Structure formats: structure tokens, C-alpha cells
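Participant: File follows, work.cif with mmCIF, C-alpha atoms and all ligand atoms:
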data_structure
loop_
_atom_site.label_atom_id
_atom_site.label_comp_id
_atom_site.auth_asym_id
_atom_site.auth_seq_id
_atom_site.Cartn_x
_atom_site.Cartn_y
_atom_site.Cartn_z
CA MET T 13 -6.29 -16.49 16.09
CA ARG T 14 -9.11 -16.70 13.58
CA TYR T 15 -8.37 -15.73 10.00
CA GLU T 16 -10.65 -15.93 7.00
CA GLY T 17 -9.07 -16.55 3.58
CA ASN T 18 -5.65 -15.30 2.51
CA ILE T 19 -4.23 -12.48 4.58
CA PHE T 20 -2.34 -9.56 3.04
CA ARG T 21 -0.33 -6.88 4.79
CA PRO T 22 2.22 -4.25 3.76
CA PRO T 23 5.88 -5.40 3.92
CA SER T 24 6.56 -3.08 6.87
CA GLU T 25 3.91 -4.91 8.92
CA ALA T 26 5.78 -8.23 8.66
CA TYR T 27 6.16 -8.53 12.44
CA SER T 28 2.82 -7.02 13.40
CA LEU T 29 -0.11 -8.77 14.97
CA ILE T 30 -2.71 -8.91 12.22
CA VAL T 31 -6.38 -8.73 13.11
CA GLN T 32 -9.12 -8.77 10.48
CA VAL T 33 -11.71 -6.09 11.06
CA THR T 34 -13.15 -6.48 7.57
CA ILE T 35 -13.18 -9.39 5.19
CA GLY T 36 -12.10 -8.40 1.69
CA CYS T 37 -12.10 -4.99 0.03
CA THR T 38 -15.05 -2.66 -0.61
CA HIS T 39 -13.88 -1.89 -4.16
CA ASN T 40 -12.43 -5.22 -5.30
CA THR T 41 -12.50 -4.39 -9.02
CA CYS T 42 -8.97 -3.14 -9.76
CA THR T 43 -7.89 -5.04 -12.86
CA PHE T 44 -4.37 -5.91 -11.66
CA CYS T 45 -5.39 -7.11 -8.18
CA SER T 46 -6.25 -10.63 -7.17
CA MET T 47 -5.92 -10.22 -3.42
CA PHE T 48 -9.54 -10.42 -2.34
CA LYS T 49 -11.28 -11.73 -5.45
CA ASP T 50 -12.37 -14.85 -3.54
CA LYS T 51 -13.97 -12.85 -0.71
CA GLU T 52 -17.28 -11.09 -0.52
CA PHE T 53 -16.80 -7.87 1.40
CA ARG T 54 -18.19 -7.55 4.90
CA VAL T 55 -17.38 -5.76 8.11
CA ARG T 56 -16.76 -8.18 10.96
CA ASP T 57 -18.80 -7.92 14.11
CA VAL T 58 -16.74 -5.74 16.46
CA ARG T 59 -17.26 -8.29 19.27
CA GLU T 60 -15.43 -10.89 17.17
CA VAL T 61 -12.53 -8.48 16.65
CA LEU T 62 -12.28 -7.83 20.40
CA GLU T 63 -12.34 -11.59 21.05
CA ASP T 64 -9.47 -12.03 18.58
CA LEU T 65 -7.49 -9.35 20.38
CA ASP T 66 -8.13 -11.08 23.73
CA MET T 67 -7.06 -14.38 22.20
CA ALA T 68 -3.86 -12.80 20.83
CA ARG T 69 -3.05 -11.40 24.28
CA THR T 70 -2.91 -14.93 25.65
CA TYR T 71 -0.46 -15.98 22.89
CA TYR T 72 1.89 -13.03 22.64
CA LYS T 73 3.81 -11.44 25.51
CA HIS T 74 4.94 -8.36 23.60
CA VAL T 75 3.20 -6.78 20.61
CA GLU T 76 4.79 -3.63 19.20
CA LYS T 77 2.58 -3.15 16.19
CA ILE T 78 -0.92 -4.17 15.18
CA PHE T 79 -2.25 -4.15 11.62
CA LEU T 80 -5.98 -3.99 11.01
CA ALA T 81 -6.80 -6.06 7.91
CA ASP T 82 -8.30 -6.68 5.28
CA GLY T 83 -8.50 -4.37 2.27
CA ASP T 84 -9.69 -1.13 3.75
CA ALA T 85 -10.27 -1.30 7.47
CA LEU T 86 -10.60 2.46 7.49
CA CYS T 87 -14.06 2.13 5.95
CA LEU T 88 -15.38 1.44 9.46
CA SER T 89 -17.13 4.30 11.21
CA ASN T 90 -15.08 6.13 13.83
CA ASN T 91 -17.38 4.73 16.52
CA LYS T 92 -16.40 1.18 15.60
CA LEU T 93 -12.74 1.99 15.07
CA MET T 94 -12.60 3.74 18.43
CA VAL T 95 -13.97 0.67 20.24
CA ILE T 96 -11.22 -1.41 18.62
CA LEU T 97 -8.44 1.13 19.27
CA GLU T 98 -9.49 1.59 22.90
CA HIS T 99 -9.47 -2.17 23.40
CA ILE T 100 -5.99 -2.35 21.88
CA ARG T 101 -4.77 0.34 24.28
CA LYS T 102 -6.23 -1.55 27.21
CA MET T 103 -5.03 -5.01 26.22
CA PHE T 104 -1.73 -4.08 24.56
CA PRO T 105 -0.36 -1.05 26.41
CA GLU T 106 3.07 -1.78 24.88
CA CYS T 107 1.74 -1.42 21.30
CA LYS T 108 3.49 1.51 19.64
CA ARG T 109 1.51 1.73 16.41
CA VAL T 110 -1.69 0.56 14.78
CA GLY T 111 -1.86 0.56 10.98
CA ALA T 112 -4.54 -0.05 8.37
CA TYR T 113 -5.16 0.07 4.64
CA GLY T 114 -7.53 2.81 3.59
CA THR T 115 -8.97 3.98 0.31
CA PRO T 116 -8.88 7.72 -0.44
CA GLN T 117 -12.67 7.69 -0.20
CA ASP T 118 -12.47 6.21 3.34
CA VAL T 119 -10.21 9.06 4.33
CA LEU T 120 -12.18 11.82 2.64
CA VAL T 121 -15.43 10.79 4.32
CA LYS T 122 -13.86 11.33 7.76
CA THR T 123 -13.68 14.78 9.27
CA PRO T 124 -10.26 16.20 10.22
CA ASP T 125 -11.28 15.83 13.90
CA GLU T 126 -12.16 12.16 13.40
CA LEU T 127 -8.72 11.48 11.94
CA VAL T 128 -7.08 13.29 14.85
CA GLN T 129 -9.19 11.21 17.24
CA LEU T 130 -7.94 8.02 15.57
CA ARG T 131 -4.35 9.23 15.78
CA GLU T 132 -4.71 10.14 19.45
CA ASN T 133 -5.95 6.62 20.08
CA GLY T 134 -3.11 4.81 18.37
CA LEU T 135 -3.66 4.83 14.61
CA GLY T 136 -0.18 5.77 13.44
CA ILE T 137 -0.10 4.89 9.77
CA ILE T 138 -2.53 4.54 6.87
CA TYR T 139 -1.49 2.64 3.74
CA ILE T 140 -2.95 3.96 0.51
CA GLY T 141 -2.67 2.08 -2.77
CA ALA T 142 -2.42 4.93 -5.27
CA GLU T 143 -0.81 2.74 -7.98
CA SER T 144 -0.35 5.65 -10.43
CA GLY T 145 -0.45 9.42 -10.51
CA SER T 146 -1.95 9.34 -14.00
CA GLN T 147 -5.71 9.64 -14.27
CA LYS T 148 -5.56 7.78 -17.58
CA VAL T 149 -3.88 4.82 -15.90
CA LEU T 150 -6.17 4.97 -12.85
CA ASP T 151 -9.17 4.77 -15.19
CA ALA T 152 -7.61 1.98 -17.25
CA VAL T 153 -7.08 -0.21 -14.18
CA ASN T 154 -10.51 0.60 -12.77
CA LYS T 155 -9.10 2.11 -9.59
CA GLY T 156 -12.36 3.94 -8.96
CA VAL T 157 -10.70 7.08 -7.66
CA THR T 158 -9.37 10.33 -9.08
CA ARG T 159 -5.83 11.65 -8.89
CA GLU T 160 -7.18 14.68 -6.98
CA GLN T 161 -8.91 12.45 -4.40
CA ILE T 162 -5.67 10.55 -3.75
CA ILE T 163 -3.70 13.77 -3.28
CA GLU T 164 -6.35 15.30 -1.03
CA ALA T 165 -6.62 12.14 1.09
CA VAL T 166 -2.87 11.83 1.64
CA LYS T 167 -2.59 15.50 2.60
CA LYS T 168 -5.51 15.11 4.98
CA ILE T 169 -3.96 12.06 6.67
CA GLN T 170 -0.68 13.86 7.21
CA LYS T 171 -2.36 17.04 8.43
CA ALA T 172 -3.97 14.91 11.15
CA GLY T 173 -0.49 13.79 12.23
CA ILE T 174 -0.86 10.26 10.85
CA LYS T 175 1.86 8.85 8.59
CA ALA T 176 0.83 8.09 5.02
CA SER T 177 2.47 5.22 3.15
CA VAL T 178 1.57 5.32 -0.52
CA THR T 179 2.13 2.47 -2.95
CA PHE T 180 2.66 2.72 -6.71
CA ILE T 181 3.18 0.01 -9.33
CA SER T 182 5.89 0.07 -12.02
CA GLY T 183 4.76 -1.25 -15.37
CA LEU T 184 1.08 -0.63 -14.68
CA ALA T 185 0.61 1.45 -17.83
CA GLY T 186 2.29 -0.94 -20.25
CA PRO T 187 4.73 0.42 -22.84
CA ASP T 188 2.41 2.96 -24.51
CA ASP T 189 1.78 5.08 -21.43
CA MET T 190 4.86 4.35 -19.35
CA GLU T 191 6.21 7.87 -19.73
CA GLU T 192 2.93 9.44 -18.60
CA HIS T 193 2.75 6.96 -15.70
CA ALA T 194 6.28 7.87 -14.59
CA LEU T 195 5.87 11.64 -14.90
CA GLU T 196 2.39 11.88 -13.39
CA THR T 197 3.39 9.61 -10.52
CA ALA T 198 6.44 11.77 -9.86
CA SER T 199 4.32 14.91 -9.86
CA MET T 200 1.77 13.30 -7.51
CA ILE T 201 4.50 12.29 -5.04
CA SER T 202 6.03 15.78 -5.25
CA GLU T 203 2.68 17.38 -4.51
CA MET T 204 1.65 15.06 -1.65
CA GLU T 205 5.08 14.62 -0.01
CA PRO T 206 4.07 11.40 1.76
CA SER T 207 6.14 10.01 4.63
CA TYR T 208 6.67 6.75 2.73
CA VAL T 209 6.51 5.68 -0.89
CA GLY T 210 6.55 2.01 -1.86
CA LEU T 211 7.11 1.12 -5.49
CA LEU T 212 6.24 -2.43 -6.50
CA THR T 213 6.52 -3.92 -9.98
CA LEU T 214 3.53 -5.35 -11.77
CA MET T 215 3.09 -9.11 -11.40
CA VAL T 216 -0.20 -10.65 -12.35
CA GLU T 217 -1.91 -13.74 -10.99
CA PRO T 218 -4.59 -15.63 -12.96
CA ALA T 219 -7.41 -14.30 -10.74
CA ALA T 220 -6.64 -10.69 -11.70
CA PRO T 221 -8.85 -9.42 -14.57
CA ILE T 222 -5.84 -8.01 -16.46
CA TYR T 223 -4.42 -11.55 -16.76
CA LYS T 224 -6.85 -12.30 -19.59
CA ASP T 225 -5.85 -9.07 -21.36
CA ILE T 226 -2.21 -10.14 -21.20
CA ARG T 227 -2.97 -13.63 -22.48
CA GLU T 228 -5.02 -12.23 -25.35
CA GLY T 229 -2.49 -9.53 -26.24
CA ARG T 230 -4.48 -6.46 -25.19
CA PHE T 231 -2.00 -5.50 -22.46
CA LYS T 232 1.75 -5.74 -22.84
CA VAL T 233 3.93 -6.34 -19.79
CA LEU T 234 7.11 -4.24 -19.68
CA THR T 235 10.51 -5.86 -19.95
CA ALA T 236 12.81 -5.55 -16.94
CA GLU T 237 14.85 -2.91 -18.78
CA GLU T 238 11.70 -0.90 -19.55
CA VAL T 239 10.69 -1.05 -15.89
CA LEU T 240 14.08 0.30 -14.84
CA GLY T 241 13.83 3.11 -17.41
CA GLU T 242 10.35 4.00 -16.17
CA THR T 243 11.54 4.00 -12.55
CA ALA T 244 14.54 6.20 -13.41
CA LEU T 245 12.28 8.73 -15.15
CA MET T 246 9.95 8.74 -12.15
CA LEU T 247 12.74 9.16 -9.61
CA LYS T 248 14.39 11.94 -11.63
CA ASN T 249 11.18 13.96 -11.58
CA ILE T 250 10.30 13.58 -7.89
CA HIS T 251 10.96 16.86 -6.09
CA VAL T 252 10.14 16.75 -2.40
CA THR T 253 11.21 19.25 0.21
CA LYS T 254 10.76 17.07 3.29
CA LYS T 255 11.95 13.54 3.99
CA CYS T 256 10.17 10.84 2.03
CA VAL T 257 11.28 7.26 2.68
CA PHE T 258 11.44 5.58 -0.73
CA ARG T 259 11.36 1.79 -0.90
CA SER T 260 11.38 -0.32 -4.01
CA ASN T 261 12.76 -3.45 -2.41
CA HIS T 262 9.74 -5.71 -2.66
CA ALA T 263 10.07 -9.28 -3.98
CA SER T 264 8.44 -8.12 -7.23
CA ASN T 265 11.10 -5.51 -8.02
CA TYR T 266 13.92 -6.17 -10.49
CA VAL T 267 16.39 -3.99 -8.60
CA SER T 268 16.20 -3.34 -4.88
CA LEU T 269 16.17 0.39 -4.11
CA LYS T 270 16.12 1.88 -0.66
CA GLY T 271 16.74 5.47 0.29
CA ASP T 272 15.39 8.71 1.60
CA LEU T 273 14.30 11.43 -0.79
CA PRO T 274 15.50 13.94 -1.65
CA GLN T 275 19.07 13.19 -0.54
CA ASP T 276 19.41 9.62 -1.90
CA LYS T 277 17.94 10.30 -5.32
CA GLU T 278 21.27 10.33 -7.18
CA LYS T 279 22.45 7.18 -5.41
CA MET T 280 19.30 5.27 -6.42
CA MET T 281 19.41 6.61 -9.98
CA ASN T 282 23.03 5.48 -10.31
CA GLN T 283 22.02 2.05 -9.07
CA LEU T 284 19.38 1.87 -11.81
CA LYS T 285 21.88 3.07 -14.41
CA ARG T 286 24.37 0.37 -13.40
CA ALA T 287 21.66 -2.30 -13.66
CA MET T 288 20.65 -1.03 -17.11
CA GLU T 289 24.30 -1.28 -18.22
CA ASN T 290 24.88 -4.66 -16.60
CA THR T 291 21.82 -6.90 -16.76
CA ASN T 292 23.46 -9.35 -14.32
CA LEU T 293 22.35 -6.91 -11.64
CA ILE T 294 18.68 -7.41 -12.58
CA LYS T 295 16.75 -9.98 -10.56
CA ASP T 296 15.95 -13.13 -12.52
CA GLU T 297 12.23 -13.63 -13.24
CA ARG T 298 12.33 -16.90 -11.30
CA PHE T 299 13.11 -15.04 -8.09
CA ARG T 300 10.39 -12.43 -8.36
CA ALA T 301 7.28 -12.86 -6.24
CA LEU T 302 4.23 -10.99 -5.04
S1 LIG T 401 -5.90 -2.86 -5.26
FE1 LIG T 401 -6.76 -2.32 -3.26
S2 LIG T 401 -8.66 -1.21 -3.75
FE2 LIG T 401 -8.07 -2.34 -5.61
S3 LIG T 401 -9.17 -4.28 -5.48
FE3 LIG T 401 -7.14 -4.63 -4.62
S4 LIG T 401 -7.39 -4.30 -2.42
FE4 LIG T 401 -9.19 -3.40 -3.42
#
Would you write out, as C-alpha cells, the structure that this file holds?
Ligand code: SF4

Facilitator:
Amino acid sequence: MRYEGNIFRPPSEAYSLIVQVTIGCTHNTCTFCSMFKDKEFRVRDVREVLEDLDMARTYYKHVEKIFLADGDALCLSNNKLMVILEHIRKMFPECKRVGAYGTPQDVLVKTPDELVQLRENGLGIIYIGAESGSQKVLDAVNKGVTREQIIEAVKKIQKAGIKASVTFISGLAGPDDMEEHALETASMISEMEPSYVGLLTLMVEPAAPIYKDIREGRFKVLTAEEVLGETALMLKNIHVTKKCVFRSNHASNYVSLKGDLPQDKEKMMNQLKRAMENTNLIKDERFRAL
């Protein structure tokens, strides 16, 4: 397989075949993100992608899931995506699901019929990095998208029958706006009712622009206890009527939470409460990772 630079994928794509259809991310200016800072964005030639898929077929006997990398593969036109999805169906008939990262703008530019066409040809899940439900926080981290666009995009994905997995980041607002971050994120989740919510905890690498702000005292990182308090406030205020798989069990999280909303809300909140009362239950900084 041919890969360019570091490869990133959502935790749930750990066992997927990863194929790069783009290099980097079209936006690439979020202050907390260092993932693609070393890459200049470009769309790969579709012929190269098909060659990679052919190559993978010779290596792997059984491929259940395929993830289209890098940052926002969904920025490709439907014509290009369809060529790739049709080739996957031909070469990997056993593949049960294709996934990709997408920005809300990628989604909103597609018509409902185009999304349905992608779903009918194997695209089963789109991962959206929302990060926060607060417009103030989205602006502060240079997310380049509005709260309304995120909500509209997630609803549009789900209306097309594609699963939406939406990621948020604890601690992204620092101590001053943590309450707003928690409450606005909870209200966004309640309004969108995504199939999956992933909650990571802020960890910053030197290549991320916010790193300098932290070093120079302009941004304060939350303590573990503050993160747990913020998460508890968020969870308490999420009100969904249909099943939402909630995961906060990433290597960056201080406490590993896993449950389905709404029924497991109390269980997860009790887990947070226990960790706040007994700090031995909080993951040591040395064991956190991105
Ligand atoms: S967080 Fe997502 S959209 Fe923002 S720069 Fe990183 S990959 Fe691009």
C-alpha cells in the first residue's frame, strides 16, 4: 500500500483498510489540530486510488470495512466518489461499510439525492469533527463553520440513511467558557440526535497553533477534575429521544465512558461522580495519548 505522511482514522476504523483519496485537509487551520499541518492539501488522482485498492486486494483476503482518508474525503465530487465506491464493490464484495471524514460544508454542498447515491453504493458512515456546540468556541478555535451548518449537515446525512459520527473535545474552551461549551454542546447533540457521539479530551502537540497560546499563558488547559465536571454538565443536559451511542473512551480521556443515550446517562454520570470523589480513578497524565 502507498501512504503519504502520517495517517489518521477514527478509533472505530482501527481494523479497516485505509486508502487515501486526499492528502491532508482542505481547512487545516483549526488551532488545536496538528494532524495535517505538514501536508499541503490535494485530491489524489482517482487512478492511483484504484491502483491502491487493487494492491490491497492482493494482500488481504477479507476486508469488512474501508476508510477513505485523509481529512475530508467527502470533498470529492460525487462522480469521483462513485468511481471509487463502484471499484470497492467490484473488488471487495465482502466489504460491509465504507467510511470517510467530511466537513459540514462538504455535506451541505451535496444534494440529498447525491448523499443517497453514495449510501446506496456503500458509504455507510460519515465522521464529522464538530468539536463544540458553542459558536463562540468554534470561532475561537478557527473551526471555519457555524453551529447551524454542523446541525444541518448531520441531519442531512442521517436523512439520507447514512450514519453520522460526531466528535467533540472536552476542555476546548478553557476554564472561562467551559460551562457554555458543555451546555451548547449538549443542546447541539440533543437537536441533531446523531447515531454516534465521540468525546475526546484536549491534548495539544507542538505543531498545533494553540500550543504557543498555552506556552505563553493565553490559553489555560483544564485540570482533570475540571474536565470531568464539564463532561458531567454536558451529559446531564443531553436529551435525545432515539439511541445515540456515546463513547468517551479514547486514549486522551481521563475516565473511560461507554454507553448508549438516553438509557445509560445515569450510569455514566455516576462513574464521573465516583472519579471526582476518588481521584485514583482518573487516568494518570503519563498514560494519556492522542
Ligand atoms: S480538526 Fe479537522 S477540519 Fe480542523 S484542521 Fe484538523 S482535520 Fe482539518

Participant: If you measure from CA of Ala152 in chain T to CA of Met47 in chain T, what distance in Å do you get, rounded to one decimal?

Facilitator: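 These atoms are spaced 18.5 Å apart.
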
Participant: Report as a Markdown table: every residue of chain T with an atom at most 9 Å from ligand LIG 401 (chain T), its closest pair of atoms, and their distance in Å to one decimal, counting all atoms listed in the file, with rows sorted by chain and ascending residue number.

Facilitator:
| residue | atom | partner | partner_atom | distance |
| --- | --- | --- | --- | --- |
| T:Gly36 | CA | T:LIG401 | S4 | 7.5 |
| T:Cys37 | CA | T:LIG401 | FE4 | 4.8 |
| T:Thr38 | CA | T:LIG401 | FE4 | 6.5 |
| T:His39 | CA | T:LIG401 | FE4 | 5.0 |
| T:Asn40 | CA | T:LIG401 | S3 | 3.4 |
| T:Thr41 | CA | T:LIG401 | S3 | 4.9 |
| T:Cys42 | CA | T:LIG401 | FE2 | 4.3 |
| T:Thr43 | CA | T:LIG401 | S3 | 7.5 |
| T:Phe44 | CA | T:LIG401 | S1 | 7.3 |
| T:Cys45 | CA | T:LIG401 | FE3 | 4.7 |
| T:Ser46 | CA | T:LIG401 | FE3 | 6.6 |
| T:Met47 | CA | T:LIG401 | FE3 | 5.8 |
| T:Phe48 | CA | T:LIG401 | S4 | 6.5 |
| T:Lys49 | CA | T:LIG401 | S3 | 7.7 |
| T:Asp82 | CA | T:LIG401 | S4 | 8.1 |
| T:Gly83 | CA | T:LIG401 | S4 | 4.8 |
| T:Asp84 | CA | T:LIG401 | S4 | 7.3 |
| T:Tyr113 | CA | T:LIG401 | FE1 | 8.4 |
| T:Gly114 | CA | T:LIG401 | S2 | 8.4 |
| T:Thr115 | CA | T:LIG401 | S2 | 6.6 |
| T:Ile140 | CA | T:LIG401 | FE1 | 8.3 |
| T:Gly141 | CA | T:LIG401 | FE1 | 6.0 |
| T:Ala142 | CA | T:LIG401 | S1 | 8.5 |
| T:Glu143 | CA | T:LIG401 | S1 | 8.0 |
| T:Val153 | CA | T:LIG401 | FE2 | 8.9 |
| T:Asn154 | CA | T:LIG401 | FE2 | 8.1 |
| T:Lys155 | CA | T:LIG401 | FE2 | 6.1 |
| T:Gly156 | CA | T:LIG401 | S2 | 8.2 |

Participant: Need to verify the contact set: range 160-175 of chain T, 6 Å, all atoms listed in the file, exclusion of same-chain residues closer than 3 positions in sequence. Can you return it as a list in words?

Facilitator: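 Close residues of range 160-175 of chain T: Pro116, Val119, Leu120, Leu127, Val128, Gly136, Ile137, Met204 and Ser207 of chain T.
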
Participant: List as a tab-separated table (two decimals) with C-alpha atoms, in the coordinates of the input the protein and nucleic acid residues near Phe258 in chain T, meaning an atom at most 7 Å away when all atoms listed in the file are counted, but skip any in the same chain fewer than 6 places from it.

Facilitator:
chain	number	residue	atom	x	y	z
T	208	TYR	CA	6.67	6.75	2.73
T	209	VAL	CA	6.51	5.68	-0.89
T	210	GLY	CA	6.55	2.01	-1.86
T	270	LYS	CA	16.12	1.88	-0.66
T	271	GLY	CA	16.74	5.47	0.29
T	272	ASP	CA	15.39	8.71	1.60
T	273	LEU	CA	14.30	11.43	-0.79

Participant: For each of T:Ser144, T:Thr235, T:Asn91, T:Thr158, take the minimum atom-to-atom distance to Asp296 in chain T, counting all atoms listed in the file, then give the residue where this is smallest.

Facilitator: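 Closest to Asp296 in chain T of all the choices is T:Thr235.
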
Participant: In Å, how far is it from CA of Ala194 in chain T to CA of Phe20 in chain T?

Facilitator: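 We find that CA of Ala194 in chain T and CA of Phe20 in chain T lie 26.2 Å from each other.
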
Participant: May I have the residues within 10 Å of Val233 in chain T as a PDB file with C-alpha atoms, in the frame of the given file, using all atoms listed in the file and disregarding those fewer than 4 positions away in the same chain?

Facilitator:
ATOM      1  CA  GLY T 183       4.760  -1.250 -15.370  1.00  0.00           C
ATOM      2  CA  LEU T 184       1.080  -0.630 -14.680  1.00  0.00           C
ATOM      3  CA  ALA T 185       0.610   1.450 -17.830  1.00  0.00           C
ATOM      4  CA  GLY T 186       2.290  -0.940 -20.250  1.00  0.00           C
ATOM      5  CA  PRO T 187       4.730   0.420 -22.840  1.00  0.00           C
ATOM      6  CA  LEU T 214       3.530  -5.350 -11.770  1.00  0.00           C
ATOM      7  CA  MET T 215       3.090  -9.110 -11.400  1.00  0.00           C
ATOM      8  CA  VAL T 216      -0.200 -10.650 -12.350  1.00  0.00           C
ATOM      9  CA  ILE T 226      -2.210 -10.140 -21.200  1.00  0.00           C
ATOM     10  CA  GLY T 229      -2.490  -9.530 -26.240  1.00  0.00           C
ATOM     11  CA  GLU T 238      11.700  -0.900 -19.550  1.00  0.00           C
ATOM     12  CA  VAL T 239      10.690  -1.050 -15.890  1.00  0.00           C
TER      13      VAL T 239
END

Participant: For each of T:Cys256, T:Met288, T:Leu86, T:Val110, take the minimum atom-to-atom distance to Leu29 in chain T, counting all atoms listed in the file, then give the residue where this is smallest.

Facilitator: T:Val110

Participant: Counting all atoms listed in the file, which of T:Arg300, T:Lys295, T:Arg54, T:Lys92 gets nearest to Ser264 in chain T?

Facilitator: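 Ranking T:Arg300, T:Lys295, T:Arg54, T:Lys92 by distance to Ser264 in chain T, first place goes to T:Arg300.
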
Participant: Grab the CA of Gly111 in chain T to CA of Phe79 in chain T distance for me, in Å with one decimal place.

Facilitator: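 Atom-to-atom, CA of Gly111 in chain T to CA of Phe79 in chain T, that is 4.8 Å.
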
Participant: Please determine, counting all atoms listed in the file, which residue among T:Lys279, T:Phe180, T:Asp225, T:Glu196 has the shortest atom-to-atom distance to Ser260 in chain T.

Facilitator: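 Nearest candidate to Ser260 in chain T out of T:Lys279, T:Phe180, T:Asp225, T:Glu196: T:Phe180.
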
Participant: From the set T:Met200, T:Ile181, T:Ile294, T:Leu88, which residue has the shortest atom-to-atom contact distance to Glu242 in chain T, counting all atoms listed in the file?

Facilitator: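 Answer, going by the shortest atom-to-atom distance: T:Ile181.
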
Participant: Fewer than 3 positions away in the same chain doesn't count, so skip those; otherwise give me all residues within 12 Å of Arg101 in chain T, counting only C-alpha atoms, as a VMD selection string.

Facilitator: chain T and resid 62 65 to 66 69 75 to 78 94 to 98 104 to 110 132 to 135

Participant: Would you kindly return, as a ChimeraX atom specification, each protein, DNA or RNA residue with an atom no farther than 8 Å from any atom of Ile35 in chain T, considering only C-alpha atoms and excluding same-chain residues fewer than 4 positions away?

Facilitator: /T:16,51-56,81-83

Participant: Taking into account all atoms listed in the file, which residue in the set T:Leu211, T:Ile100, T:Ala176, T:Ala263 is nearest to Thr243 in chain T?

Facilitator: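 Going through T:Leu211, T:Ile100, T:Ala176, T:Ala263 one by one, the smallest distance to Thr243 in chain T is for T:Leu211.
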
Participant: Show me as number ranges by chain the residues that reach within 7 Å of (-8.3, -16.8, 15.8), counting only C-alpha atoms and using the file's own coordinates.

Facilitator: T: 13-15, 64, 67

Participant: Keeping C-alpha atoms for every residue in the selection just given, could you write it to a file as a PDB file, keeping the file's coordinate frame?

Facilitator:
ATOM      1  CA  MET T  13      -6.290 -16.490  16.090  1.00  0.00           C
ATOM      2  CA  ARG T  14      -9.110 -16.700  13.580  1.00  0.00           C
ATOM      3  CA  TYR T  15      -8.370 -15.730  10.000  1.00  0.00           C
ATOM      4  CA  ASP T  64      -9.470 -12.030  18.580  1.00  0.00           C
ATOM      5  CA  MET T  67      -7.060 -14.380  22.200  1.00  0.00           C
TER       6      MET T  67
END
